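The next block holds one structure in the form of C-alpha cells; read it before the comments.
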Amino acid sequence: MVNPPPTPTGVPALAARSLPAAVWRAVRSGRWTSVCALLIVVIVLLAAGADLFVLLEGQDLVPDIATLGPTGLPAGALGGVSGAHWFGVEPLTGVDLFALVAHGARTSLLVGLGATVLGTVLGVLLGVSAGYLGGWWDRLVTWTADVILGFPYLIFMIALGAVLPVDFPRQVTLIVVLGLFGWPRVARIVRAQALTLAKRDFVAAARVMGGGPWHVFTKELLPNLWAPIIVVASLSIPSMIGNEAALSFLGVGVLPPTPSWGRTISAAIDFFETDPMYLVFPGLLLFLITLAFNVVGDAIRDTLDPRSGSVA
Amino acid sequence: MRTARFVATRFAGMLLVLFVVAFVTFVVFYVLPADPARMACGRPCSPEGLQLAREFMGYDVPWYRQFFDFLGGIFGGRTFGTGVAAIHCTAPCFGWDFQNNVDVLSEIGGRIEVSFSVALGAAVIWIVLGVGLGVLSALRRGTAVDRITMATAMAGVSMPAYLAGMIGITIFAFALDVVPKSGYVPLTENPAQWAWHLVLPWFVLAFLHAAIYARLTRGQMLETLGEDYIRTARAKGLTERKVVGRHALRNVLLPIVTVFGVDLGGLLAGTVITERIFGMAGVGRLLVDAIASLNLPVLLGVTLFSALLVTVLNFLVDLCYGALDPRARLV
Amino acid sequence: MKRGHWLSLVAGVTAAVTLLTACGANDTPAGPGGTVKPGGNLLLLNDGPSITWDPAKSSNLVVTTLGLIHRRLTSWDVAPGKDTTIVPDLATDTGRPGDGGKTWTFTLKDGLKYADGTAITSADVKWGLERSFAPAFSGGLAYHKDLLSPGLAYKGPFEGKELDTIQTPDAKTIVFHLARAYGDFNWVASTPAFSPVPKGKGAEANYGDHPVASGPYQLQSYERGKAAKLVRNPNWSREEDTTRKAYADTVDFELGQDTSVISKRLIDDTGKDRNAFGMSFASPAQLAQIQSNASAKSRLVTSESGALAYLSLNTQRGNLTNPKVRQAFQYAVDKAAYQVASAGSAQLAGDVATTLITPGLQGREQYDLYPAPPSGDPAKAKQLLAEAGFPNGLDGLVLATHNENGYPEKAAAIQASLARANIKVTIKPLDEDTYTSEVDTKGLSDYDLTLTSWQPDIPSANANIQPLFQSTEIGNGGVNESRYHNPDVDRLITEAQATVDPAEAGKKWAALDKKILADSPVVPLIYTRNSFLHGSQVGDVQIGRFPAYVDYRKFGIVQ
C-alpha cells in the first residue's frame, strides 16, 4: 500500500469516522431511532433465544388439536390468546403461535440478513470496480447483471429445491441464491455512483497522486458510497425477508416443519377473516422489524453524511 | 459512427445475453429430474407411452441436441411428429406448448397486452407518486408531511405483495364494492372499463413500488441539496422552484432511472401475483401456470421473453445515463 | 384420479362438487321456494387456466365438464346415498361380454347426431379411440390403451393404419377384442376417449378448441386462461339422453381465477355470482369462514365420501420390511388430528378410513383389522414395536409428501402422532413432478413413508386396489408407493380383473382388500370429503357416494 495522499479539499473527512461509532451516534440521534434500534435488538434476541423463550412459555412446536374449536379454529377469543399460549394457536393444527413466530423470526432474520450481506458485498465490490475501472470489466459485470436480472430466480429456486437433498440446510441455499440474485440491484446503483465519482476532481486527483485502485476504493470511493449502500442495504433486508416469504409460500423456500414468517403469513392470509390474530402476530413482527431496520438505516445515513443534515 | 458502433456492440451483447439465459435455463432443467413428457403420457402411464411422448416432444435426444433444436426452431421453425397429424411450428418458433397445443410465441402474444397494461399503468403511478412524495419529503424535511410520507413508504416496502393485494381487494372490491372484483377488459374494446378494471391492481402495485422511489428520491435530494453548486445557485438568488426543478431534480433522477430499469424488467414477477389475484390472464400468470404444470416449452419461452425485455430496458437506461449525466456518457 | 386437485388442474378436470353438510343429503334451493327448471345461464368459476376439450387428451370423470359436450359409450348413475352404477350413454346397453371377458360388444342407439347434424356412427367411436393412440393426442385417461394395443404398438390413425382390435361390422355395432379378459371394460368405456370424433377429423393439434359435440352443449368460444362459453346442441334430445339434465341454456366458464377470490365472490352472492358455482374444492380456511356465515353455509355442498387418504409404508426399506413394525403404524397414527388438519373438523374432512376400497363402490365391505380410537393407540403401537425388537422406537424415517393442498400441515399432524409412539420422522414436501419422479418412477424409492391420496378414475374396486398394490405398478410411474410385492395378491388381482360378473368380482376385491391390509403396506387415514360452494340461484347441486365431485349433468338455475 502506498501512503495515502493528502486529502483533497472539498471532500468531507468521512473516512475518519468509523462505522460502529456512526451507528452508535445514529441510534442515539432521536427518540424513535432509539426505539427502533431497541426493537431490532429485542427481535434479534427473540430469534436467537427462541427455544429459551418458548420453554419459558411452557410450549413447543407440537400440534395439539385440544386447543381448537369445532371448526378447526382456535378455541377462545383472539385466536386462543391466553397465559398458556401468549400469541394463541395456529388453526387446524393447534401449534403454539408464539413458538411458531419466535422460531420463524430466526429463519427470517437469518435469511434476510445473510442474503443482504452477501448481495451487498458482492454488489459493492462488483459495482464499484465496474464503474471505476471501466473497460471490459465494466462490460462483463453489466452484462452478467443483465443475465441475472433477466433470469427468473423463482424457476432457479424451484429447480434447486428439487435437486437438493432433504438434509441440506435450506436456509443456506436461500441466502446464497437470494444473495447471488440480489447483487445486480446493488451493483447497478453503486456503479452509477462510482461512475459519477470517478470523474470527480478529488478522485482524479487521488489517482494522479499515485493512489492504487484499492486505495482509491477504500479511501475515496467507499466513504462517498456509504450513504447509497446503507440505503440500499436497509431496503434490501425487508425485501429479502419478503423474497424468503414468497419462496416459502410457493413451497420452495424453507421446508416445513421449519417455521418461517413467510409461510405462516401466507397461510394466515386465508384465515384473515376468521382468525385475524393468526396473521396479526407474524405480520406485525415482520412490519416492525422492517420499519426498525429502515428507520435505523436512515439515521445511520444521516449521520454518515452530515451535509444532508445541514439542509433544512 | 461512434453511435452506430455503440448500438451494434450493445445489440450483439443483447443476443449473447439471450443465448446465455436460454442455455442456463436448459441446463437447470436438465439437472432437474423433471420429465415434461410425463404430463403428456396420460394415466395410467406405461413406460412405452412415456417413451412415445418423449420422442414426439423431442425429449429423447441429449440436452445439447434439444438446445440446438430449440435455437434452430427460432430461425427455421420446427415440426413435431409425422404425417397429417404432425404439428408445424413456424419460424420464429419459441417452442410448442403440448399441453394446450399452441405455439408459445402466440400464447405470449395473446397475453402481452394484459401484462403491459398492468405494468406500465402501475409504473406511471408509482414514478409520479414516488418521486413527487420524495421531493416533497426532502423539501419539508423533519415536518409532519415528511414523517407521514416516509412512514407510509415504509409500510409499502414492508408489505408482501400478496397481502397488499388481498387487503386491497377485500376493502375496495368486497367491503366498499367500488371497483370490479376481477377480470380484464381490452383497451380496444372499452377504454373506460379497461382503466376501471385496472385501477386497483395499479394502485396495489404502485403502493408497493412507490415507497422505494420516495425513499430513494428523498435521500438523493437531500444529498444534492447539500452540494456546492446548489448552494451557489441559491446564492445567485435563483428561486427555490428553479433550484429544485432545474438543478437538484436532474441529479436525483440518475439513480431513479437505474432502479426503474431494473424494476420494469422485474415487474413481470410483480404482475404474476397481481394477475393471479385479480384474475387477469397475462404473461406472469402464464409463467406461474407453466411452473405448476411443468410446461417446459412455455417456461423457456417466457424466460427468454422476460430476458429480452430486461435487456432492451437496460439498454435504454444506459442511453438515459448519458442524457442525464454528461460525466457518465458512454463511449 | 390421484391427488385430486392438482392433477385435475393440470388435466383440466377441476371439477368441484359438494354435498350438503348432512351426509348424502341433496342441496335444497336457497331461493324463495323456486325449483330448478330448464333455462338460464350458469356460471362456473375455475382456478385452472385451461380446459382440455379434446376427448383424447382429457382425464375428466363422467360427471364433470367434458360430459357437457361429449357423450361416451357408457355412463354412471350417480345419486346421493347409493352406490354408483353403470348405465348406457351412446350405447343401448352397458356392453355384452364374450369369450370370458375378452370380447366386448356395444350397439349405438338410433338417430344419434352431432351438433352439426351428421350421424354418429360406430366408426366415429373407433376413430376417436384410434386418435387417442397418436402421440400428438396422448395425455388423457389411458386405461383402454394396453388392453387394445399391448405395448402401444399402434401409433394412431394418422399414419394410415387402423386399429384392428376394434371392429365395426355395421354403422351401429362396435366390437372390442381385448388382449386379456377384463371385467371392468364397460367401465373403461365411460372414459373420455370413448367419445365419438367424426371419422377423418381431428388431425389438427387444436381440435380441442372446436370439438364436434355430441352432448347437450357445444363449445361456442374458448379463450385459454380467460373464459369459455357453452351453448345448446340443437341435436341433443332430453328424452333420449336420460343421464343428463342440462338445465341451463348457456354455461359460462371464468378461468384462471384466484381460489380465495372465487370463495369470496360466492360467499358474497351478489349479481351474476348468484348463478355461479365454484369448481375447486373449498379450502380449510374457506370452510372455516363459510361455517360462520349462515347463507354461505346453506350453499356449501360436501361429499359423503371421497379419495382415500393414506400413509404408505415402504415395504422394501429398512425396518419397514418387518410386518409387525408396519402394523405398529396402524395404531400410532392419530386420524382425528389428520381430520382437523385436513378441513378443520371430522365432519368436513371425512370419516376415518379402515379399508382400502372407498365407499360408493360395489362390493365394498366395511371392516377394521386394527381397532383403535380415532386418535390412535400409541401404547399398543409401542408394544408392537417392542415385540418387533424396537423397544426404543424408530428413528430417522423420511416422509415424502406433496408441497401443496395442505399436505405439509397434514404431514406435521402425522409426524406428531408418530412421535407419541417414539417413531421419529422427517418431512420432505416435494413439488408434483419431483414427487412423481422420486416416489413413483424409481424402482426403489429413497423414502420410508409417503402421504398422499387416491381416487379411482372409474367406480370399480379394481381401480382402487390394482394401481396401488399390484407389483407391476412399482416404479415407472406406477403408484404402488409402498413397493408392496406379494405374488399371491398379484395373482388374485389378475383373477379379479378377469371376472366378468360384477357381484363375483366385488367379492374378490373385498377379500383382497382385507388380505392386503393384513400385511399393512399402507395406513388408511380418511375417506376425504370435498366441499363446493355455489350461488343462491343454483340448485340440484348433488354429490353421489362416488365420485366426490358435484354432478355437473344435473345442476341448474332456480327459476
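Identifiers for the C-alpha cells are assigned positionally: chains receive A, B, ... in sequence, residues are indexed from 1 per chain, and ligands are indexed from 1 in the order shown.
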* Would you kindly report the residues of chain A within 8 Å of chain C, using only C-alpha atoms, as number ranges by chain? => A: 62-63, 65, 70-73, 91-93, 162, 166, 251, 255-257, 270-271, 273-274
Could you pull out all residues of stretch 184-221 of chain B with a DSSP call of helix (DSSP H, G or I) and give them as a PDB file with N, CA and C atoms, in the first residue's frame?
```
ATOM      1  N   PRO B 191     -62.150   1.531 -23.435  1.00  0.00           N
ATOM      2  CA  PRO B 191     -61.060   2.157 -22.670  1.00  0.00           C
ATOM      3  C   PRO B 191     -61.457   2.496 -21.226  1.00  0.00           C
ATOM      4  N   ALA B 192     -62.690   2.908 -21.032  1.00  0.00           N
ATOM      5  CA  ALA B 192     -63.118   3.281 -19.683  1.00  0.00           C
ATOM      6  C   ALA B 192     -63.136   2.051 -18.778  1.00  0.00           C
ATOM      7  N   GLN B 193     -63.720   0.975 -19.278  1.00  0.00           N
ATOM      8  CA  GLN B 193     -63.773  -0.262 -18.500  1.00  0.00           C
ATOM      9  C   GLN B 193     -62.373  -0.829 -18.289  1.00  0.00           C
ATOM     10  N   TRP B 194     -61.529  -0.650 -19.293  1.00  0.00           N
ATOM     11  CA  TRP B 194     -60.139  -1.109 -19.197  1.00  0.00           C
ATOM     12  C   TRP B 194     -59.474  -0.466 -17.985  1.00  0.00           C
ATOM     13  N   ALA B 195     -59.569   0.842 -17.919  1.00  0.00           N
ATOM     14  CA  ALA B 195     -58.941   1.571 -16.814  1.00  0.00           C
ATOM     15  C   ALA B 195     -59.624   1.216 -15.491  1.00  0.00           C
ATOM     16  N   TRP B 196     -60.930   1.094 -15.522  1.00  0.00           N
ATOM     17  CA  TRP B 196     -61.691   0.825 -14.301  1.00  0.00           C
ATOM     18  C   TRP B 196     -61.303  -0.520 -13.696  1.00  0.00           C
ATOM     19  N   HIS B 197     -61.092  -1.516 -14.561  1.00  0.00           N
ATOM     20  CA  HIS B 197     -60.705  -2.827 -14.056  1.00  0.00           C
ATOM     21  C   HIS B 197     -59.264  -2.842 -13.568  1.00  0.00           C
ATOM     22  N   LEU B 198     -58.477  -1.862 -14.035  1.00  0.00           N
ATOM     23  CA  LEU B 198     -57.052  -1.873 -13.693  1.00  0.00           C
ATOM     24  C   LEU B 198     -56.704  -0.970 -12.513  1.00  0.00           C
ATOM     25  N   VAL B 199     -57.646  -0.139 -12.106  1.00  0.00           N
ATOM     26  CA  VAL B 199     -57.339   0.846 -11.072  1.00  0.00           C
ATOM     27  C   VAL B 199     -56.762   0.190  -9.813  1.00  0.00           C
ATOM     28  N   LEU B 200     -57.443  -0.826  -9.331  1.00  0.00           N
ATOM     29  CA  LEU B 200     -56.997  -1.459  -8.089  1.00  0.00           C
ATOM     30  C   LEU B 200     -55.627  -2.130  -8.243  1.00  0.00           C
ATOM     31  N   PRO B 201     -55.439  -2.974  -9.268  1.00  0.00           N
ATOM     32  CA  PRO B 201     -54.103  -3.560  -9.438  1.00  0.00           C
ATOM     33  C   PRO B 201     -53.013  -2.504  -9.600  1.00  0.00           C
ATOM     34  N   TRP B 202     -53.310  -1.442 -10.330  1.00  0.00           N
ATOM     35  CA  TRP B 202     -52.319  -0.381 -10.498  1.00  0.00           C
ATOM     36  C   TRP B 202     -51.891   0.184  -9.159  1.00  0.00           C
ATOM     37  N   PHE B 203     -52.872   0.530  -8.351  1.00  0.00           N
ATOM     38  CA  PHE B 203     -52.533   1.186  -7.096  1.00  0.00           C
ATOM     39  C   PHE B 203     -51.880   0.220  -6.115  1.00  0.00           C
ATOM     40  N   VAL B 204     -52.292  -1.038  -6.141  1.00  0.00           N
ATOM     41  CA  VAL B 204     -51.645  -2.013  -5.263  1.00  0.00           C
ATOM     42  C   VAL B 204     -50.168  -2.143  -5.638  1.00  0.00           C
ATOM     43  N   LEU B 205     -49.901  -2.308  -6.917  1.00  0.00           N
ATOM     44  CA  LEU B 205     -48.511  -2.428  -7.369  1.00  0.00           C
ATOM     45  C   LEU B 205     -47.742  -1.137  -7.109  1.00  0.00           C
ATOM     46  N   ALA B 206     -48.393  -0.024  -7.382  1.00  0.00           N
ATOM     47  CA  ALA B 206     -47.735   1.269  -7.204  1.00  0.00           C
ATOM     48  C   ALA B 206     -47.411   1.509  -5.739  1.00  0.00           C
ATOM     49  N   PHE B 207     -48.325   1.107  -4.862  1.00  0.00           N
ATOM     50  CA  PHE B 207     -48.113   1.274  -3.424  1.00  0.00           C
ATOM     51  C   PHE B 207     -46.854   0.536  -2.982  1.00  0.00           C
ATOM     52  N   LEU B 208     -46.664  -0.662  -3.529  1.00  0.00           N
ATOM     53  CA  LEU B 208     -45.510  -1.462  -3.141  1.00  0.00           C
ATOM     54  C   LEU B 208     -44.205  -0.871  -3.674  1.00  0.00           C
ATOM     55  N   HIS B 209     -44.268  -0.318  -4.890  1.00  0.00           N
ATOM     56  CA  HIS B 209     -43.035   0.154  -5.508  1.00  0.00           C
ATOM     57  C   HIS B 209     -42.728   1.626  -5.208  1.00  0.00           C
ATOM     58  N   ALA B 210     -43.765   2.441  -5.106  1.00  0.00           N
ATOM     59  CA  ALA B 210     -43.565   3.883  -4.943  1.00  0.00           C
ATOM     60  C   ALA B 210     -42.689   4.174  -3.733  1.00  0.00           C
ATOM     61  N   ALA B 211     -42.853   3.341  -2.692  1.00  0.00           N
ATOM     62  CA  ALA B 211     -42.110   3.550  -1.459  1.00  0.00           C
ATOM     63  C   ALA B 211     -40.612   3.617  -1.711  1.00  0.00           C
ATOM     64  N   ILE B 212     -40.125   2.686  -2.519  1.00  0.00           N
ATOM     65  CA  ILE B 212     -38.693   2.638  -2.789  1.00  0.00           C
ATOM     66  C   ILE B 212     -38.245   3.928  -3.473  1.00  0.00           C
ATOM     67  N   TYR B 213     -39.059   4.389  -4.398  1.00  0.00           N
ATOM     68  CA  TYR B 213     -38.714   5.602  -5.135  1.00  0.00           C
ATOM     69  C   TYR B 213     -38.773   6.835  -4.244  1.00  0.00           C
ATOM     70  N   ALA B 214     -39.773   6.868  -3.385  1.00  0.00           N
ATOM     71  CA  ALA B 214     -39.901   8.013  -2.484  1.00  0.00           C
ATOM     72  C   ALA B 214     -38.669   8.101  -1.580  1.00  0.00           C
ATOM     73  N   ARG B 215     -38.284   6.972  -1.034  1.00  0.00           N
ATOM     74  CA  ARG B 215     -37.119   6.965  -0.140  1.00  0.00           C
ATOM     75  C   ARG B 215     -35.845   7.343  -0.886  1.00  0.00           C
ATOM     76  N   LEU B 216     -35.702   6.741  -2.058  1.00  0.00           N
ATOM     77  CA  LEU B 216     -34.501   6.999  -2.846  1.00  0.00           C
ATOM     78  C   LEU B 216     -34.430   8.464  -3.271  1.00  0.00           C
ATOM     79  N   THR B 217     -35.558   8.972  -3.744  1.00  0.00           N
ATOM     80  CA  THR B 217     -35.610  10.366  -4.178  1.00  0.00           C
ATOM     81  C   THR B 217     -35.275  11.294  -3.015  1.00  0.00           C
ATOM     82  N   ARG B 218     -35.882  11.007  -1.878  1.00  0.00           N
ATOM     83  CA  ARG B 218     -35.671  11.852  -0.724  1.00  0.00           C
ATOM     84  C   ARG B 218     -34.195  11.871  -0.338  1.00  0.00           C
ATOM     85  N   GLY B 219     -33.612  10.679  -0.251  1.00  0.00           N
ATOM     86  CA  GLY B 219     -32.213  10.581   0.146  1.00  0.00           C
ATOM     87  C   GLY B 219     -31.300  11.321  -0.827  1.00  0.00           C
ATOM     88  N   GLN B 220     -31.547  11.078  -2.106  1.00  0.00           N
ATOM     89  CA  GLN B 220     -30.721  11.668  -3.138  1.00  0.00           C
ATOM     90  C   GLN B 220     -30.886  13.187  -3.165  1.00  0.00           C
ATOM     91  N   MET B 221     -32.130  13.592  -2.960  1.00  0.00           N
ATOM     92  CA  MET B 221     -32.472  15.010  -2.989  1.00  0.00           C
ATOM     93  C   MET B 221     -31.747  15.742  -1.859  1.00  0.00           C
TER      94      MET B 221
END
```
* **Pick from B:Ala123, B:Val185, B:Ile171, B:Ile108 nearest to chain A, counting only C-alpha atoms** =>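 With only C-alpha atoms as the atom set, the closest residue is B:Ile171.
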* Return as a PyMOL selection string the full set of residues in stretch 32-231 of chain B whose backbone-based DSSP assignment is strand (DSSP E or B). => chain B and resi 43+78-80+87-89+96-97+102-103
Kindly export the residues of the current selection with C-alpha atoms, as a short mmCIF file (atom, residue, chain, number, x, y, z; two decimals), in the first residue's frame.
```cif
data_model
loop_
_atom_site.label_atom_id
_atom_site.label_comp_id
_atom_site.auth_asym_id
_atom_site.auth_seq_id
_atom_site.Cartn_x
_atom_site.Cartn_y
_atom_site.Cartn_z
CA ARG B 43 -53.00 -42.15 -16.72
CA ARG B 78 -39.95 -26.94 -36.21
CA THR B 79 -42.11 -29.94 -36.97
CA PHE B 80 -43.21 -32.43 -34.33
CA ILE B 87 -47.51 -30.20 -35.66
CA HIS B 88 -45.83 -27.39 -37.57
CA CYS B 89 -44.42 -24.56 -35.56
CA TRP B 96 -44.67 -25.61 -28.73
CA ASP B 97 -46.98 -25.87 -25.73
CA VAL B 102 -50.49 -23.96 -29.38
CA ASP B 103 -47.16 -22.33 -30.15
#
```
* Asked: atom CA of C:Val333 to atom CA of C:Gly376: how many Å, to one decimal?
  ->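 Separating atom CA of C:Val333 from atom CA of C:Gly376 is a distance of 5.5 Å.
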